[in-house]
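First comes the structure, then the notes that go with it.
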There are 2 protein chains.
Amino acid sequence: MDSRIVDARTKIEIYGALSEGQGGLGDCPIRNVVQSIFGKWSSLLMMALAERPYRFGELRRLVPDISQRMLTQTLRDLQRDGYVHREVFPTKPPSVEYSLTDLGRSMFASLHHILLWAETNFEAVRAARTRFDASEG
Amino acid sequence: MDSRIVDARTKIEIYGALSEGQGGLGDCPIRNVVQSIFGKWSSLLMMALAERPYRFGELRRLVPDISQRMLTQTLRDLQRDGYVHREVFPTKPPSVEYSLTDLGRSMFASLHHILLWAETNFEAVRAARTRFDASEG
DNA sequence: CTGTATCCCCTATGATACTG
DNA sequence: CAGTATCATAGGGGATACAG
């Protein structure tokens, strides 16, 4: 693979410095998009929904250590960004199903690479950390 | 692309729930790896270093809105995880050059996809947000 | 069952000043 | 030039209780 993967100056004008433009930093569009994807629970929920649609309670059981508050909020953010479709079934009591949109599937296809990478390489990273921590005193 | 990209239950046992194992949550290895990659400044700095090595001050100018503290800290974290090599040149005053390691290049190759996706699709995401905000009152 | 509403805390980040 | 140290702060995130 070519090591000149990107032209850093060009990208960073978009991703980084360009943010000065209007009302300060958060205005850089790419940064905004990426940072909601990179949220603590986003990739985990996308991973689940990439397999099949899930109901709220199912997701809760699937990810036992997420709080109800963060599950609601993360799903809402994913829905807001257009990755997730929320459908309410008027059963009694009501049930709500979450599924990926086309945009969501497209996004996850790109997100997937780095998740796989982490799964494959976490031993190497752990080793690097151990080495670093040992050599610094 | 196959929509069954992952087997959610399997992945989440690793990525999510498995964390119960030892001392609570942060123990899940994949989560640890991914969350340092997903830090606020990590991908931006990786993007820069993927182009060529940079000195500390160069990175500072390239990313004007990062604080010196966070630049130091993020580079240190990236170095600790084995993505970045730090080389000190005994000039006067000293200069320090940062470059990607092989592990770093490998990681960035996988991270790159989602960064590109964000660049390509931020208009669609912005549109989705606008729609969502309009329709909720 | 699927959320909202509160309260609270802690960590990530920033601003500033100082040092080898 | 390349950091470190210190202090301050905002907001992400958890726990709990309540509601439709």
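All residue names refer to the structure tokens as shown: chains lettered A, B, ... in order, residues numbered from 1 in each chain, ligands numbered from 1 in order.
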Check: which chain A residues lie within 10 Å of chain D using only C-alpha atoms (C1' of nucleotides), as a CSV table (one decimal) with all heavy atoms, in the first residue's frame:
chain,number,residue,atom,x,y,z
A,39,GLY,N,-18.4,7.7,18.9
A,39,GLY,CA,-18.9,7.8,20.3
A,39,GLY,C,-18.7,6.4,21.0
A,39,GLY,O,-18.6,5.4,20.3
A,40,LYS,N,-18.8,6.5,22.3
A,40,LYS,CA,-18.5,5.3,23.1
A,40,LYS,C,-19.3,4.1,22.7
A,40,LYS,O,-18.8,2.9,22.7
A,40,LYS,CB,-18.7,5.6,24.6
A,40,LYS,CG,-18.4,4.4,25.5
A,40,LYS,CD,-18.4,4.9,26.9
A,40,LYS,CE,-18.0,3.7,27.9
A,40,LYS,NZ,-18.0,4.1,29.3
A,66,ILE,N,-24.5,-1.1,29.0
A,66,ILE,CA,-24.9,0.3,28.6
A,66,ILE,C,-26.1,0.7,29.5
A,66,ILE,O,-26.9,-0.1,29.9
A,66,ILE,CB,-25.3,0.3,27.1
A,66,ILE,CG1,-25.4,1.8,26.7
A,66,ILE,CG2,-26.6,-0.5,26.9
A,66,ILE,CD1,-25.7,1.9,25.2
A,67,SER,N,-26.1,1.9,29.9
A,67,SER,CA,-27.2,2.4,30.7
A,67,SER,C,-28.4,2.7,29.8
A,67,SER,O,-28.2,3.0,28.6
A,67,SER,CB,-26.8,3.7,31.5
A,67,SER,OG,-26.6,4.7,30.6
A,68,GLN,N,-29.6,2.6,30.4
A,68,GLN,CA,-30.8,2.9,29.6
A,68,GLN,C,-30.7,4.3,28.9
A,68,GLN,O,-31.1,4.4,27.8
A,68,GLN,CB,-32.0,2.8,30.5
A,68,GLN,CG,-33.3,2.6,29.7
A,68,GLN,CD,-34.5,2.3,30.6
A,68,GLN,OE1,-34.4,2.7,31.8
A,68,GLN,NE2,-35.5,1.6,30.1
A,69,ARG,N,-30.2,5.2,29.7
A,69,ARG,CA,-30.1,6.6,29.2
A,69,ARG,C,-29.2,6.6,28.0
A,69,ARG,O,-29.6,7.3,27.0
A,69,ARG,CB,-29.5,7.4,30.3
A,69,ARG,CG,-29.4,8.9,30.0
A,69,ARG,CD,-28.8,9.6,31.2
A,69,ARG,NE,-28.6,11.0,31.0
A,69,ARG,CZ,-27.6,11.5,30.3
A,69,ARG,NH1,-26.7,10.8,29.8
A,69,ARG,NH2,-27.5,12.8,30.2
A,70,MET,N,-28.1,6.0,28.0
A,70,MET,CA,-27.1,6.1,26.9
A,70,MET,C,-27.6,5.3,25.7
A,70,MET,O,-27.4,5.6,24.6
A,70,MET,CB,-25.7,5.6,27.3
A,70,MET,CG,-25.0,6.6,28.2
A,70,MET,SD,-25.2,8.3,27.6
A,70,MET,CE,-24.3,8.3,26.1
A,93,PRO,N,-47.9,-3.9,25.6
A,93,PRO,CA,-47.3,-2.5,25.6
A,93,PRO,C,-46.5,-2.3,24.2
A,93,PRO,O,-46.2,-3.3,23.6
A,93,PRO,CB,-46.3,-2.5,26.7
A,93,PRO,CG,-46.0,-4.0,27.0
A,93,PRO,CD,-47.2,-4.8,26.5
A,94,PRO,N,-46.3,-1.1,23.9
A,94,PRO,CA,-45.6,-0.8,22.6
A,94,PRO,C,-44.3,-1.4,22.5
A,94,PRO,O,-43.5,-1.6,23.5
A,94,PRO,CB,-45.6,0.7,22.6
A,94,PRO,CG,-45.6,1.1,24.0
A,94,PRO,CD,-46.4,0.1,24.7
Interface list for chain A, partner chain C, 8 Å threshold, only C-alpha atoms (C1' of nucleotides), as a list in words: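 The contacting residues on chain A are Phe56, Gly57, Thr72, Pro93, Pro94, Ser95 and Val96 of chain A.
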With N, CA and C atoms retained, write the just-selected residues as a PDB file, in the first residue's frame.
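That gives us result.pdb:
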ATOM      1  N   PHE A  56     -35.625  -2.447  21.376  1.00  0.00           N
ATOM      2  CA  PHE A  56     -34.916  -1.721  22.424  1.00  0.00           C
ATOM      3  C   PHE A  56     -34.412  -2.659  23.523  1.00  0.00           C
ATOM      4  N   GLY A  57     -35.315  -3.455  24.044  1.00  0.00           N
ATOM      5  CA  GLY A  57     -34.957  -4.349  25.139  1.00  0.00           C
ATOM      6  C   GLY A  57     -33.931  -5.404  24.742  1.00  0.00           C
ATOM      7  N   THR A  72     -30.826   4.898  24.825  1.00  0.00           N
ATOM      8  CA  THR A  72     -31.785   5.808  24.199  1.00  0.00           C
ATOM      9  C   THR A  72     -31.073   6.910  23.424  1.00  0.00           C
ATOM     10  N   PRO A  93     -47.860  -3.877  25.613  1.00  0.00           N
ATOM     11  CA  PRO A  93     -47.260  -2.538  25.561  1.00  0.00           C
ATOM     12  C   PRO A  93     -46.519  -2.340  24.240  1.00  0.00           C
ATOM     13  N   PRO A  94     -46.261  -1.109  23.887  1.00  0.00           N
ATOM     14  CA  PRO A  94     -45.647  -0.800  22.590  1.00  0.00           C
ATOM     15  C   PRO A  94     -44.255  -1.407  22.470  1.00  0.00           C
ATOM     16  N   SER A  95     -43.891  -1.741  21.231  1.00  0.00           N
ATOM     17  CA  SER A  95     -42.531  -2.207  20.996  1.00  0.00           C
ATOM     18  C   SER A  95     -41.933  -1.356  19.885  1.00  0.00           C
ATOM     19  N   VAL A  96     -40.629  -1.193  19.928  1.00  0.00           N
ATOM     20  CA  VAL A  96     -39.933  -0.332  18.975  1.00  0.00           C
ATOM     21  C   VAL A  96     -38.777  -1.105  18.373  1.00  0.00           C
TER      22      VAL A  96
END
Residue nearest chain B - candidates A:Glu87, A:Glu51, A:Glu123, A:Asp102, atoms counted: only C-alpha atoms: A:Glu51
Separation of atom CA of Arg31 of chain A and atom CA of Ala118 of chain B, in Å?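 Atom CA of Arg31 of chain A sits 8.3 Å away from atom CA of Ala118 of chain B.
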I'd like the interatomic distance between atom CA of Val125 of chain B and atom CA of Ser36 of chain A, to a tenth of an Å.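 Atom-to-atom, atom CA of Val125 of chain B to atom CA of Ser36 of chain A, that is 10.8 Å.
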Please extract the residues of segment 46-86 of chain A with a backbone DSSP assignment of strand (DSSP E or B) and present them as a VMD selection string. chain A and resid 54 to 55 84 to 86
Could you state the separation of atom CA of Ile30 of chain A and atom CA of Arg55 of chain B in Å, given to one decimal place? 24.9 Å
Pick from B:Glu58, B:Glu97, B:Asp77, B:Glu119, whichever lies nearest to chain A using only C-alpha atoms: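 Smallest distance to chain A is found for B:Glu119.
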Excluding Asn121 of chain A and residues on its chain fewer than 5 positions from it, collect all residues at most 9 Å away from it, counting only C-alpha atoms (C1' of nucleotides), and give them as a ChimeraX atom specification. /A:116,126 /B:30,33,103,107
Writing out the chosen residues with all heavy atoms as a short mmCIF file (atom, residue, chain, number, x, y, z; two decimals), in the first residue's frame:
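Final output, result.cif:
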data_model
loop_
_atom_site.label_atom_id
_atom_site.label_comp_id
_atom_site.auth_asym_id
_atom_site.auth_seq_id
_atom_site.Cartn_x
_atom_site.Cartn_y
_atom_site.Cartn_z
N LEU A 116 -12.63 -4.56 12.73
CA LEU A 116 -11.96 -5.83 12.46
C LEU A 116 -10.47 -5.75 12.78
O LEU A 116 -9.89 -6.66 13.35
CB LEU A 116 -12.13 -6.21 10.99
CG LEU A 116 -13.33 -7.08 10.64
CD1 LEU A 116 -13.26 -7.45 9.17
CD2 LEU A 116 -13.33 -8.34 11.50
N ARG A 126 -1.51 -4.44 22.77
CA ARG A 126 -1.25 -4.69 24.19
C ARG A 126 0.25 -4.88 24.44
O ARG A 126 0.81 -4.34 25.40
CB ARG A 126 -2.01 -5.94 24.65
CG ARG A 126 -1.79 -6.24 26.12
CD ARG A 126 -1.98 -7.71 26.43
NE ARG A 126 -3.35 -8.19 26.25
CZ ARG A 126 -4.30 -8.06 27.16
NH1 ARG A 126 -4.03 -7.49 28.31
NH2 ARG A 126 -5.52 -8.50 26.94
N ILE B 30 -10.68 -5.12 22.67
CA ILE B 30 -11.04 -4.42 21.45
C ILE B 30 -11.53 -3.02 21.75
O ILE B 30 -11.18 -2.04 21.09
CB ILE B 30 -12.12 -5.20 20.68
CG1 ILE B 30 -11.56 -6.57 20.31
CG2 ILE B 30 -12.56 -4.45 19.45
CD1 ILE B 30 -12.45 -7.35 19.40
N VAL B 33 -8.61 -0.76 22.47
CA VAL B 33 -7.88 -0.39 21.26
C VAL B 33 -8.65 0.66 20.48
O VAL B 33 -8.14 1.72 20.14
CB VAL B 33 -7.63 -1.64 20.38
CG1 VAL B 33 -7.10 -1.23 19.02
CG2 VAL B 33 -6.67 -2.58 21.07
N LEU B 103 2.94 -0.93 12.32
CA LEU B 103 1.64 -1.15 12.94
C LEU B 103 0.72 0.05 12.72
O LEU B 103 -0.47 -0.11 12.45
CB LEU B 103 1.81 -1.41 14.44
CG LEU B 103 0.57 -1.92 15.19
CD1 LEU B 103 0.22 -3.33 14.76
CD2 LEU B 103 0.76 -1.85 16.69
N MET B 107 -2.78 0.08 10.84
CA MET B 107 -4.00 0.57 11.49
C MET B 107 -4.66 1.66 10.65
O MET B 107 -5.86 1.65 10.43
CB MET B 107 -3.66 1.08 12.89
CG MET B 107 -4.87 1.47 13.71
SD MET B 107 -5.41 3.15 13.40
CE MET B 107 -4.46 4.04 14.63
#
Residues near Phe132 of chain A, cut-off 10 Å, only C-alpha atoms (C1' of nucleotides), skip fewer than 4 positions along chain, as a PyMOL selection string: (chain A and resi 126-128+136-137) or (chain B and resi 76-77+79-82)
Restricting the calculation to only C-alpha atoms, which member of A:Val84, A:Ala124, A:Val34, A:Cys28 is positioned closest to Leu111 of chain A?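 The answer is A:Val34, which sits nearest to Leu111 of chain A.
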